[in-house]
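As stored in coords_16.csv (CSV, C-alpha atoms):
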```
chain,number,residue,atom,x,y,z
A,255,MET,CA,9.3,-279.7,67.1
A,256,TRP,CA,12.2,-278.0,65.4
A,257,TRP,CA,14.4,-279.9,63.0
A,258,GLY,CA,17.4,-280.9,65.1
A,259,GLY,CA,15.9,-279.9,68.4
A,260,ALA,CA,14.3,-277.0,70.2
A,261,SER,CA,15.3,-273.7,68.6
A,262,PRO,CA,15.7,-270.4,70.3
A,263,ASP,CA,15.6,-268.5,67.0
A,264,ASP,CA,13.4,-265.5,66.5
A,265,GLU,CA,11.1,-267.4,64.1
A,266,ARG,CA,8.5,-269.6,65.8
A,267,ILE,CA,7.0,-272.0,63.2
A,268,PRO,CA,5.0,-275.1,64.3
A,269,ALA,CA,6.0,-278.2,62.2
A,270,VAL,CA,9.0,-278.0,60.0
A,271,GLN,CA,9.5,-280.6,57.3
A,272,ARG,CA,12.9,-281.4,56.3
A,273,ARG,CA,13.5,-280.5,52.7
A,274,SER,CA,15.6,-282.2,50.1
A,275,LEU,CA,18.0,-279.5,49.0
A,276,THR,CA,20.2,-279.1,46.0
A,277,THR,CA,22.7,-276.5,45.0
A,278,LEU,CA,24.0,-275.2,41.7
A,279,LEU,CA,27.4,-274.7,43.0
A,280,ALA,CA,29.8,-275.8,40.3
A,281,ALA,CA,32.7,-276.7,42.6
A,282,ALA,CA,32.4,-280.3,43.8
A,283,SER,CA,34.9,-279.7,46.6
A,284,LEU,CA,36.6,-276.8,48.4
A,285,LEU,CA,39.9,-278.6,48.7
A,286,LEU,CA,42.5,-276.1,47.7
A,287,ALA,CA,45.0,-277.2,45.1
A,288,ALA,CA,48.5,-275.8,45.2
A,289,GLY,CA,48.6,-272.5,43.3
A,290,CYS,CA,44.9,-272.2,42.9
A,291,SER,CA,44.4,-269.4,45.3
A,292,SER,CA,46.3,-266.8,47.3
A,293,GLY,CA,44.1,-267.8,50.3
A,294,GLY,CA,45.0,-270.5,52.8
A,295,GLY,CA,43.8,-274.1,52.6
A,296,LEU,CA,40.7,-275.4,54.2
A,297,PRO,CA,41.2,-277.3,57.4
A,298,GLN,CA,40.4,-281.0,57.3
A,299,GLY,CA,38.8,-283.0,60.1
A,300,GLY,CA,41.2,-284.5,62.6
A,301,GLY,CA,43.9,-281.8,61.8
A,302,SER,CA,44.9,-278.9,63.9
A,303,THR,CA,43.4,-275.4,63.4
A,304,PRO,CA,45.3,-274.0,60.4
A,305,ALA,CA,47.4,-270.9,60.4
A,306,PRO,CA,45.4,-267.8,59.5
A,307,ALA,CA,45.1,-267.4,55.7
A,308,LYS,CA,45.6,-264.3,53.8
A,309,SER,CA,42.4,-262.2,54.1
A,310,PRO,CA,41.0,-260.6,50.9
A,311,GLY,CA,39.0,-258.4,53.2
A,312,ALA,CA,42.1,-256.5,54.2
A,313,SER,CA,43.8,-253.9,52.0
A,314,ALA,CA,45.2,-255.2,48.7
A,315,GLY,CA,48.6,-256.8,49.3
A,316,ALA,CA,48.1,-257.1,53.1
A,317,GLY,CA,48.5,-260.3,55.0
A,318,ALA,CA,46.1,-261.9,57.4
A,319,PRO,CA,44.1,-259.5,59.7
A,320,SER,CA,46.3,-258.5,62.5
A,321,ALA,CA,45.4,-259.4,66.1
A,322,THR,CA,47.6,-256.6,67.4
A,323,PRO,CA,45.8,-254.5,70.0
A,324,SER,CA,44.6,-251.1,69.0
A,325,ALA,CA,46.6,-248.1,69.9
A,326,THR,CA,43.6,-246.7,71.8
A,327,ALA,CA,41.1,-249.3,73.0
A,328,PRO,CA,37.5,-248.4,73.7
A,329,PRO,CA,36.5,-248.1,77.4
A,330,ALA,CA,35.2,-251.2,79.1
A,331,LYS,CA,31.9,-249.3,79.8
A,332,GLY,CA,29.9,-247.8,77.0
A,333,SER,CA,26.6,-245.9,76.7
A,334,VAL,CA,23.6,-245.7,74.4
A,335,LYS,CA,21.2,-242.8,74.1
A,336,VAL,CA,18.2,-242.8,71.7
A,337,THR,CA,18.2,-239.3,70.2
A,338,ALA,CA,15.4,-239.6,67.7
A,339,THR,CA,12.9,-241.8,66.0
A,340,LEU,CA,13.5,-241.5,62.3
A,341,THR,CA,10.3,-243.3,61.1
A,342,THR,CA,7.5,-245.5,62.2
A,343,GLY,CA,4.9,-247.8,60.7
A,344,LEU,CA,7.4,-250.1,58.8
A,345,LYS,CA,6.1,-253.7,58.1
A,346,SER,CA,8.4,-256.6,58.7
A,347,PRO,CA,11.6,-254.6,58.0
A,348,TRP,CA,14.7,-256.7,57.5
A,349,GLY,CA,17.5,-255.6,55.2
A,350,VAL,CA,18.9,-252.0,55.3
A,351,ALA,CA,21.3,-250.4,52.9
A,352,VAL,CA,22.8,-246.8,53.2
A,353,LEU,CA,22.7,-244.7,50.1
A,354,PRO,CA,25.4,-242.1,49.4
A,355,GLY,CA,24.3,-239.0,51.3
A,356,GLY,CA,22.9,-241.1,54.2
A,357,ASP,CA,19.3,-242.0,53.2
A,358,LEU,CA,18.3,-245.6,54.0
A,359,LEU,CA,16.8,-248.3,51.8
A,360,VAL,CA,14.7,-250.7,53.9
A,361,GLY,CA,13.2,-254.0,52.7
A,362,SER,CA,10.1,-255.7,53.9
A,363,ARG,CA,10.6,-259.4,54.4
A,364,ASP,CA,7.0,-260.3,54.0
A,365,THR,CA,5.8,-257.9,51.3
A,366,GLY,CA,9.0,-257.8,49.1
A,367,LYS,CA,8.8,-254.0,49.0
A,368,ILE,CA,11.7,-251.6,49.3
A,369,VAL,CA,11.3,-248.1,50.6
A,370,ARG,CA,13.7,-245.1,50.9
A,371,VAL,CA,13.7,-243.3,54.2
A,372,ALA,CA,15.2,-239.9,54.3
A,373,ALA,CA,17.9,-239.6,56.9
A,374,ASP,CA,16.8,-236.0,57.5
A,375,GLY,CA,13.1,-236.1,58.5
A,376,GLY,CA,12.2,-239.7,57.8
A,377,LYS,CA,10.2,-239.1,54.7
A,378,THR,CA,9.3,-242.5,53.2
A,379,THR,CA,9.2,-243.2,49.4
A,380,GLU,CA,8.4,-246.6,47.9
A,381,LEU,CA,10.8,-247.8,45.2
A,382,GLY,CA,8.9,-250.9,44.3
A,383,SER,CA,8.7,-254.6,44.9
A,384,VAL,CA,11.3,-257.3,44.2
A,385,PRO,CA,9.8,-259.8,41.7
A,386,GLY,CA,9.8,-263.5,42.7
A,387,VAL,CA,9.9,-263.1,46.4
A,388,ASP,CA,8.2,-266.0,48.1
A,389,PRO,CA,7.8,-265.2,51.8
A,390,GLY,CA,7.1,-267.9,54.4
A,391,GLY,CA,8.7,-268.9,57.7
A,392,GLU,CA,12.0,-267.1,57.8
A,393,GLY,CA,12.1,-266.5,54.1
A,394,GLY,CA,11.2,-263.5,52.0
A,395,LEU,CA,13.1,-260.3,51.1
A,396,LEU,CA,16.1,-260.4,53.3
A,397,GLY,CA,19.4,-258.5,53.0
A,398,LEU,CA,20.0,-255.3,50.9
A,399,ALA,CA,23.2,-253.7,49.7
A,400,VAL,CA,24.1,-250.9,47.3
A,401,SER,CA,27.0,-251.2,44.9
A,402,SER,CA,30.4,-249.8,45.8
A,403,THR,CA,30.1,-247.8,42.6
A,404,PHE,CA,26.4,-246.8,43.2
A,405,GLY,CA,27.2,-243.2,42.0
A,406,THR,CA,27.7,-244.5,38.5
A,407,ASP,CA,25.7,-247.7,38.2
A,408,HIS,CA,22.8,-247.2,40.6
A,409,GLN,CA,22.7,-250.9,41.5
A,410,VAL,CA,20.7,-252.2,44.5
A,411,TYR,CA,21.4,-255.8,45.5
A,412,ALA,CA,18.9,-258.0,47.3
A,413,TYR,CA,19.1,-261.5,48.9
A,414,PHE,CA,15.6,-263.1,48.8
A,415,THR,CA,13.7,-266.4,48.9
A,416,THR,CA,12.0,-267.7,45.8
A,417,ALA,CA,9.7,-270.8,45.4
A,418,SER,CA,12.8,-272.9,44.7
A,419,ASP,CA,15.9,-271.3,46.4
A,420,ASN,CA,17.5,-268.3,48.0
A,421,ARG,CA,19.3,-266.0,45.5
A,422,ILE,CA,21.0,-262.7,45.0
A,423,ALA,CA,19.9,-260.3,42.3
A,424,ARG,CA,20.7,-256.7,41.5
A,425,MET,CA,18.3,-254.0,40.1
A,426,ILE,CA,18.9,-250.5,38.8
A,427,TYR,CA,17.3,-247.8,41.0
A,428,ASP,CA,16.0,-244.8,39.0
A,429,GLU,CA,14.7,-242.3,41.5
A,430,LYS,CA,13.5,-240.1,38.6
A,431,ARG,CA,10.7,-242.6,37.8
A,432,PRO,CA,7.4,-242.4,39.7
A,433,ALA,CA,7.3,-243.7,43.3
A,434,GLY,CA,6.6,-247.5,43.3
A,435,ASP,CA,8.1,-248.0,39.9
A,436,GLN,CA,11.8,-247.1,40.5
A,437,LEU,CA,13.3,-250.6,40.4
A,438,GLY,CA,14.5,-252.1,37.1
A,439,ALA,CA,14.1,-255.8,36.3
A,440,PRO,CA,16.2,-258.1,38.6
A,441,ASP,CA,19.5,-259.5,37.2
A,442,THR,CA,20.2,-262.7,39.2
A,443,ILE,CA,23.9,-263.0,40.0
A,444,LEU,CA,23.8,-266.0,42.2
A,445,ARG,CA,21.1,-268.7,42.6
A,446,GLY,CA,20.9,-272.1,44.2
A,447,ILE,CA,21.4,-271.1,47.9
A,448,PRO,CA,19.3,-273.7,49.8
A,449,LYS,CA,16.0,-272.5,51.2
A,450,GLY,CA,13.9,-273.7,54.1
A,451,GLN,CA,11.2,-272.7,56.5
A,452,ILE,CA,14.0,-271.7,58.9
A,453,HIS,CA,17.7,-270.7,58.7
A,454,ASN,CA,17.8,-268.9,55.3
A,455,GLY,CA,20.6,-266.5,56.4
A,456,GLY,CA,20.3,-263.5,54.2
A,457,ARG,CA,22.6,-260.7,55.3
A,458,ILE,CA,24.7,-259.2,52.4
A,459,ALA,CA,27.3,-256.4,52.4
A,460,PHE,CA,30.1,-255.1,50.3
A,461,GLY,CA,33.4,-255.3,52.0
A,462,PRO,CA,36.4,-253.0,52.0
A,463,ASP,CA,37.7,-255.0,49.1
A,464,LYS,CA,34.6,-254.1,47.1
A,465,MET,CA,33.5,-257.7,46.9
A,466,LEU,CA,30.0,-258.8,47.9
A,467,TYR,CA,29.7,-261.1,51.0
A,468,ALA,CA,26.6,-263.1,52.0
A,469,GLY,CA,25.7,-265.0,55.1
A,470,THR,CA,23.7,-268.2,54.5
A,471,GLY,CA,21.9,-270.7,56.7
A,472,GLU,CA,21.7,-274.5,56.7
A,473,THR,CA,17.8,-274.5,56.4
A,474,GLY,CA,17.6,-277.0,59.3
A,475,ASP,CA,19.5,-279.6,57.4
A,476,LYS,CA,22.6,-279.6,59.6
A,477,GLY,CA,24.8,-281.6,57.2
A,478,LEU,CA,24.8,-278.7,54.7
A,479,ALA,CA,27.0,-276.6,57.0
A,480,GLN,CA,29.9,-279.1,56.7
A,481,ASP,CA,29.2,-280.0,53.0
A,482,LYS,CA,31.8,-278.0,51.1
A,483,ALA,CA,29.8,-278.5,47.9
A,484,SER,CA,26.7,-276.7,49.3
A,485,LEU,CA,26.1,-272.9,49.6
A,486,GLY,CA,24.2,-273.5,52.9
A,487,GLY,CA,25.7,-272.7,56.3
A,488,LYS,CA,28.5,-270.6,54.8
A,489,ILE,CA,29.8,-267.1,54.3
A,490,LEU,CA,30.1,-266.4,50.5
A,491,ARG,CA,32.4,-263.9,48.8
A,492,MET,CA,31.9,-262.9,45.2
A,493,THR,CA,32.5,-260.2,42.6
A,494,PRO,CA,29.7,-257.7,42.0
A,495,ASP,CA,28.7,-260.0,39.1
A,496,GLY,CA,28.4,-263.0,41.3
A,497,GLU,CA,31.6,-264.8,40.3
A,498,PRO,CA,34.1,-266.3,42.7
A,499,ALA,CA,36.3,-263.5,44.0
A,500,HIS,CA,40.1,-263.7,43.6
A,501,GLY,CA,41.7,-264.9,46.8
A,502,ASN,CA,38.9,-267.2,47.8
A,503,PRO,CA,40.0,-270.5,49.4
A,504,ALA,CA,39.0,-272.3,46.2
A,505,ALA,CA,39.5,-270.4,43.0
A,506,ASP,CA,36.2,-271.7,41.4
A,507,SER,CA,34.0,-271.3,44.4
A,508,VAL,CA,32.2,-268.4,46.1
A,509,VAL,CA,32.4,-270.2,49.5
A,510,TYR,CA,34.6,-268.2,51.9
A,511,ASP,CA,34.2,-270.3,55.0
A,512,TYR,CA,31.9,-273.0,56.4
A,513,GLY,CA,30.4,-274.6,59.5
A,514,HIS,CA,27.7,-272.1,60.3
A,515,ARG,CA,24.2,-272.7,61.4
A,516,ASN,CA,22.5,-269.4,60.4
A,517,VAL,CA,24.6,-266.3,59.8
A,518,GLN,CA,22.6,-263.1,60.4
A,519,GLY,CA,25.1,-260.2,60.7
A,520,LEU,CA,28.2,-259.1,58.9
A,521,ALA,CA,30.5,-256.1,59.7
A,522,TRP,CA,34.1,-255.0,59.3
A,523,ASP,CA,36.1,-253.3,62.0
A,524,SER,CA,38.5,-250.4,61.4
A,525,ASP,CA,41.3,-252.8,60.5
A,526,HIS,CA,39.1,-254.5,57.8
A,527,ARG,CA,38.5,-257.7,59.9
A,528,LEU,CA,35.2,-259.4,59.1
A,529,TRP,CA,32.9,-260.3,62.0
A,530,ALA,CA,29.7,-262.3,61.9
A,531,SER,CA,26.8,-263.1,64.2
A,532,GLU,CA,25.2,-266.5,64.3
A,533,PHE,CA,22.1,-268.2,65.9
A,534,GLY,CA,22.9,-271.1,68.2
A,535,GLN,CA,20.4,-273.9,68.7
A,536,ASP,CA,19.8,-274.7,72.4
A,537,THR,CA,22.8,-273.3,74.2
A,538,TRP,CA,25.1,-270.7,72.6
A,539,ASP,CA,24.7,-267.8,70.2
A,540,GLU,CA,28.0,-266.6,68.7
A,541,LEU,CA,30.0,-263.7,67.5
A,542,ASN,CA,32.8,-264.9,65.2
A,543,LEU,CA,35.9,-263.4,63.7
A,544,ILE,CA,35.9,-264.6,60.1
A,545,GLU,CA,39.0,-266.0,58.4
A,546,PRO,CA,38.9,-267.5,54.9
A,547,GLY,CA,38.7,-271.3,54.7
A,548,ARG,CA,38.0,-271.7,58.4
A,549,ASN,CA,35.5,-274.3,59.8
A,550,TYR,CA,33.3,-272.7,62.5
A,551,GLY,CA,32.1,-276.0,63.8
A,552,TRP,CA,28.4,-276.4,63.3
A,553,PRO,CA,26.8,-278.9,63.8
A,554,GLU,CA,29.8,-280.6,65.6
A,555,VAL,CA,30.2,-277.7,68.0
A,556,GLU,CA,27.8,-275.1,69.3
A,557,GLY,CA,29.7,-272.3,71.0
A,558,LYS,CA,33.3,-272.9,72.0
A,559,ALA,CA,34.8,-276.3,71.5
A,560,LYS,CA,35.8,-278.3,74.5
A,561,GLY,CA,38.3,-281.0,75.1
A,562,GLY,CA,39.3,-282.9,72.0
A,563,GLN,CA,36.9,-280.9,69.8
A,564,THR,CA,39.4,-278.1,69.6
A,565,GLY,CA,41.9,-280.4,67.7
A,566,ALA,CA,39.4,-281.2,65.0
A,567,GLY,CA,40.1,-278.0,63.1
A,568,PHE,CA,37.2,-275.9,64.4
A,569,THR,CA,37.5,-272.1,65.0
A,570,ASP,CA,36.0,-270.9,68.3
A,571,PRO,CA,33.7,-267.8,68.5
A,572,VAL,CA,35.1,-264.7,70.1
A,573,GLU,CA,32.0,-264.3,72.3
A,574,VAL,CA,29.0,-266.4,73.1
A,575,TRP,CA,25.6,-265.8,74.7
A,576,LYS,CA,22.8,-267.9,76.2
A,577,THR,CA,20.2,-268.1,73.5
A,578,LYS,CA,17.5,-266.5,75.6
A,579,ASP,CA,19.7,-263.4,75.9
A,580,ALA,CA,20.4,-262.9,72.3
A,581,SER,CA,19.2,-264.7,69.1
A,582,PRO,CA,21.4,-262.2,67.3
A,583,SER,CA,20.6,-260.6,64.0
A,584,GLY,CA,22.4,-257.6,62.4
A,585,ILE,CA,25.7,-256.2,63.6
A,586,ALA,CA,27.6,-253.0,63.1
A,587,TYR,CA,31.0,-251.5,64.1
A,588,ALA,CA,31.2,-248.1,65.7
A,589,LYS,CA,33.3,-246.4,68.4
A,590,GLY,CA,35.7,-249.4,68.7
A,591,SER,CA,32.9,-251.9,69.4
A,592,ILE,CA,30.7,-254.4,67.6
A,593,TRP,CA,27.0,-253.6,68.2
A,594,MET,CA,24.7,-256.6,67.9
A,595,ALA,CA,20.9,-256.5,67.6
A,596,SER,CA,19.1,-259.3,69.4
A,597,LEU,CA,15.6,-260.7,68.6
A,598,ARG,CA,14.6,-263.0,71.3
A,599,GLY,CA,16.9,-261.2,73.8
A,600,GLU,CA,15.2,-257.8,72.9
A,601,ARG,CA,18.4,-255.9,73.6
A,602,LEU,CA,21.4,-254.3,71.9
A,603,TRP,CA,24.8,-255.8,72.8
A,604,ARG,CA,28.1,-253.9,72.9
A,605,ILE,CA,31.3,-255.9,72.5
A,606,ALA,CA,34.2,-253.5,73.0
A,607,LEU,CA,37.4,-254.7,71.2
A,608,ASN,CA,41.1,-254.2,71.5
A,609,GLY,CA,42.3,-255.7,68.3
A,610,THR,CA,40.5,-259.1,68.1
A,611,LYS,CA,40.1,-259.4,71.9
A,612,PRO,CA,37.1,-258.1,74.0
A,613,VAL,CA,38.0,-255.4,76.4
A,614,ALA,CA,35.4,-256.6,78.9
A,615,ALA,CA,32.3,-258.7,79.1
A,616,PRO,CA,29.6,-257.7,76.6
A,617,GLU,CA,27.2,-255.0,77.8
A,618,ALA,CA,23.4,-255.0,77.2
A,619,PHE,CA,21.4,-251.9,76.4
A,620,LEU,CA,17.7,-251.1,75.8
A,621,LYS,CA,16.6,-254.4,77.3
A,622,GLY,CA,12.9,-255.0,76.5
A,623,THR,CA,12.4,-251.3,75.7
A,624,TYR,CA,11.7,-251.6,72.0
A,625,GLY,CA,11.0,-255.3,71.6
A,626,ARG,CA,12.8,-257.4,69.1
A,627,LEU,CA,15.8,-255.7,67.4
A,628,ARG,CA,16.6,-256.8,63.8
A,629,THR,CA,19.2,-254.6,62.1
A,630,VAL,CA,21.8,-252.1,63.3
A,631,VAL,CA,23.7,-249.8,60.9
A,632,ALA,CA,26.6,-247.5,61.5
A,633,THR,CA,26.4,-243.8,60.6
A,634,ASP,CA,29.2,-241.7,59.3
A,635,ASP,CA,29.4,-239.7,62.5
A,636,GLY,CA,30.0,-242.8,64.7
A,637,GLY,CA,26.3,-243.3,65.7
A,638,LEU,CA,23.9,-246.1,64.8
A,639,TRP,CA,20.5,-246.7,63.2
A,640,LEU,CA,18.6,-249.4,65.0
A,641,VAL,CA,15.6,-251.2,63.3
A,642,THR,CA,13.0,-253.0,65.4
A,643,SER,CA,11.3,-256.3,64.3
A,644,ASN,CA,7.9,-256.6,66.0
A,645,THR,CA,5.5,-256.8,63.0
A,646,ASP,CA,6.7,-260.1,61.4
A,647,GLY,CA,4.4,-262.4,63.3
A,648,ARG,CA,6.9,-263.3,66.0
A,649,GLY,CA,6.8,-260.2,68.2
A,650,THR,CA,4.2,-258.1,70.0
A,651,PRO,CA,3.7,-254.9,68.0
A,652,HIS,CA,3.0,-251.7,69.8
A,653,LYS,CA,1.7,-248.4,68.3
A,654,GLY,CA,4.2,-247.1,65.8
A,655,ASP,CA,6.0,-250.4,65.1
A,656,ASP,CA,8.2,-251.1,63.4
A,657,ARG,CA,10.5,-248.1,63.7
A,658,ILE,CA,14.0,-246.9,63.0
A,659,LEU,CA,15.8,-245.3,66.0
A,660,ARG,CA,18.8,-243.0,65.9
A,661,LEU,CA,21.4,-243.8,68.6
A,662,LYS,CA,24.3,-241.9,70.1
A,663,VAL,CA,26.8,-244.4,71.4
A,664,THR,CA,30.2,-244.5,73.2
```

For the file at hand, write its structure as structure tokens.
Amino acid sequence: MWWGGASPDDERIPAVQRRSLTTLLAAASLLLAAGCSSGGGLPQGGGSTPAPAKSPGASAGAGAPSATPSATAPPAKGSVKVTATLTTGLKSPWGVAVLPGGDLLVGSRDTGKIVRVAADGGKTTELGSVPGVDPGGEGGLLGLAVSSTFGTDHQVYAYFTTASDNRIARMIYDEKRPAGDQLGAPDTILRGIPKGQIHNGGRIAFGPDKMLYAGTGETGDKGLAQDKASLGGKILRMTPDGEPAHGNPAADSVVYDYGHRNVQGLAWDSDHRLWASEFGQDTWDELNLIEPGRNYGWPEVEGKAKGGQTGAGFTDPVEVWKTKDASPSGIAYAKGSIWMASLRGERLWRIALNGTKPVAAPEAFLKGTYGRLRTVVATDDGGLWLVTSNTDGRGTPHKGDDRILRLKVT
């Protein structure tokens, strides 16, 4: 039995005990005092959906992300062609970060190891292991990111589960050291993100504003998603040092929005709008357009609000899927579309966008061909890297799993 009902998530764990969770978040509330932030105020229950706040994800000095249709919208019908298999034999791959030059850093959720995979030829080199990783259930070594100034500071960021919490740390990567010993000691920049057997979130990425964003889960304790003093069930935005970023809804908090069940994917479109994928519970998985301070509804709403729920200050997803068809993980933006990897659904979804509106119904590709799909990453030439997820105890591994595929898409 799942906490809060049957779960369509990718992770199948027998009995889940509810945990007592605490957070080290200093802010006791996300109520925005006048003059505290350049962002918009947080919506309160019973009010109407607020006007869009100024988005720090956009260019400096810009207003809220525009919903204006693009000059050239992508076609309603797209295509996907697998052009190469970059590498095989990966174990429980989860987070992926792209180095300058195109090589990939790939983390193993269950072993805590990070490897470098050459974009040309697929040669794999082990960097080392992240100390303190405590795998179990959906926890372990999750998201990876490289600093926006990697060329000078060589910092690799990791989101991972420890014995007490989820946290984000950074490590210096020195490729001149021997393989397996190339990671420096971790410097923890944020701790106290709630952990659980399920719903640990984990995706991290640097945005166009050079701030670090992180998607978190509510660990099966639904109330955390609406608790503005908790880091669970949120998208967080922070400086590279882990401090609240200027322009957040509350000046002393890293919380950027709230009301999420389990955020698994983060990506920005060509106009610097932030998108996020999210696991539903029994009915609807979601793709959300993220605005600072918004309430995305969980656990009061799953999918799009109906009737009077809309007036309670909740923001609807842009697209929804039946849970059997998705259980979404990573997302990427390429060729005018959001591309969404699906675990339970075992397919790659394309959501073609004209501004903030879908051009047509989502399209599914590679259905059942490669099993569960965990992470998708855009390439500089408009293609994608796609990472499978069949060796983490939830899928059915085949010879060569797990693997990274190169995709040509339109």

For Gly513 in chain A: contacts at 7 Å, all atoms listed in the file, fewer than 4 positions along chain excluded, given as a VMD selection string: chain A and resid 479 to 480 487 to 488 549 to 552

Would you output that residue set with C-alpha atoms, as a PDB file, in the frame of the given file?
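That gives us out-v5.pdb:
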```pdb
ATOM      1  CA  ALA A 479      27.000-276.600  57.000  1.00  0.00           C
ATOM      2  CA  GLN A 480      29.900-279.100  56.700  1.00  0.00           C
ATOM      3  CA  GLY A 487      25.700-272.700  56.300  1.00  0.00           C
ATOM      4  CA  LYS A 488      28.500-270.600  54.800  1.00  0.00           C
ATOM      5  CA  ASN A 549      35.500-274.300  59.800  1.00  0.00           C
ATOM      6  CA  TYR A 550      33.300-272.700  62.500  1.00  0.00           C
ATOM      7  CA  GLY A 551      32.100-276.000  63.800  1.00  0.00           C
ATOM      8  CA  TRP A 552      28.400-276.400  63.300  1.00  0.00           C
TER       9      TRP A 552
END
```

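Taking only C-alpha atoms into account, Glu380 in chain A lies nearest to A:Tyr427 out of the set A:Tyr427, A:Tyr587, A:Trp522, A:Trp593.
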
Could you please determine the separation between CA of Tyr512 in chain A and CA of Ser524 in chain A in Å, to one decimal place? 24.1 Å

Could you list, as a list of chain:residue names, every residue within 8 Å of Ser401 in chain A, counting all atoms listed in the file and ignoring same-chain residues fewer than 6 positions away?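 Result of the neighbour search: A:Asp407, A:His408, A:Gln409, A:Val410, A:Tyr411, A:Phe460, A:Pro494.
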
Give me a file of those residues, with C-alpha atoms, as a compact mmCIF listing (two decimals), keeping the file's coordinate frame.
```
# COMPACT_ATOMS: atom_id res chain seq x y z
CA ASP A 407 25.70 -247.70 38.20
CA HIS A 408 22.80 -247.20 40.60
CA GLN A 409 22.70 -250.90 41.50
CA VAL A 410 20.70 -252.20 44.50
CA TYR A 411 21.40 -255.80 45.50
CA PHE A 460 30.10 -255.10 50.30
CA PRO A 494 29.70 -257.70 42.00
```

Please produce, as JSON lines, a per-residue contact table for range 575-636 of chain A versus range 362-374 of chain A (criterion: any atom at most 12 Å away, all atoms listed in the file considered), showing the nearest atom pair and its distance in Å to one decimal, sorted by chain then residue number.
```
{"residue": "A:Arg628", "atom": "CA", "partner": "A:Arg363", "partner_atom": "CA", "distance": 11.5}
{"residue": "A:Thr633", "atom": "CA", "partner": "A:Ala373", "partner_atom": "CA", "distance": 10.2}
{"residue": "A:Asp634", "atom": "CA", "partner": "A:Ala373", "partner_atom": "CA", "distance": 11.7}
```

Please provide the set of residues having any atom within 6 Å of range 449-453 of chain A, restricted to all atoms listed in the file, with same-chain residues fewer than 6 positions apart removed, written as a list in words.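 Using all atoms listed in the file, the neighbours found are Gly391, Glu392, Asp419, Asn420, Gly471, Glu472, Thr473 and Asn516 of chain A.
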
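The shortest atom-to-atom distance to Leu543 in chain A, with all atoms listed in the file taken into account, belongs to A:Asp523 out of A:Asp481, A:Asp523, A:Asp388, A:Glu429.
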
Among listed residues A:Ala615, A:Met594, A:Met465, A:Leu395, nearest Glu540 in chain A (using only C-alpha atoms):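 With only C-alpha atoms as the atom set, the closest residue is A:Met594.
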
When distances are computed from all atoms listed in the file, which of A:Gly636, A:Gly654, A:Gly349, A:Gly609 shows the smallest separation from Val334 in chain A?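 Using all atoms listed in the file, the shortest distance to Val334 in chain A belongs to A:Gly636.
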
By how many Å are CA of Leu485 in chain A and CA of Arg457 in chain A apart?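 Separation of CA of Leu485 in chain A and CA of Arg457 in chain A: 13.9 Å.
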
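When CA of Arg548 in chain A is paired with CA of Trp529 in chain A, their separation reads 13.0 Å.
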
Which polymer residues have any atom within 9 Å of an atom of range 342-346 of chain A, counting all atoms listed in the file, with same-chain residues fewer than 4 positions away left out, as a ChimeraX atom specification? /A:360-365,376,642-647,653-658
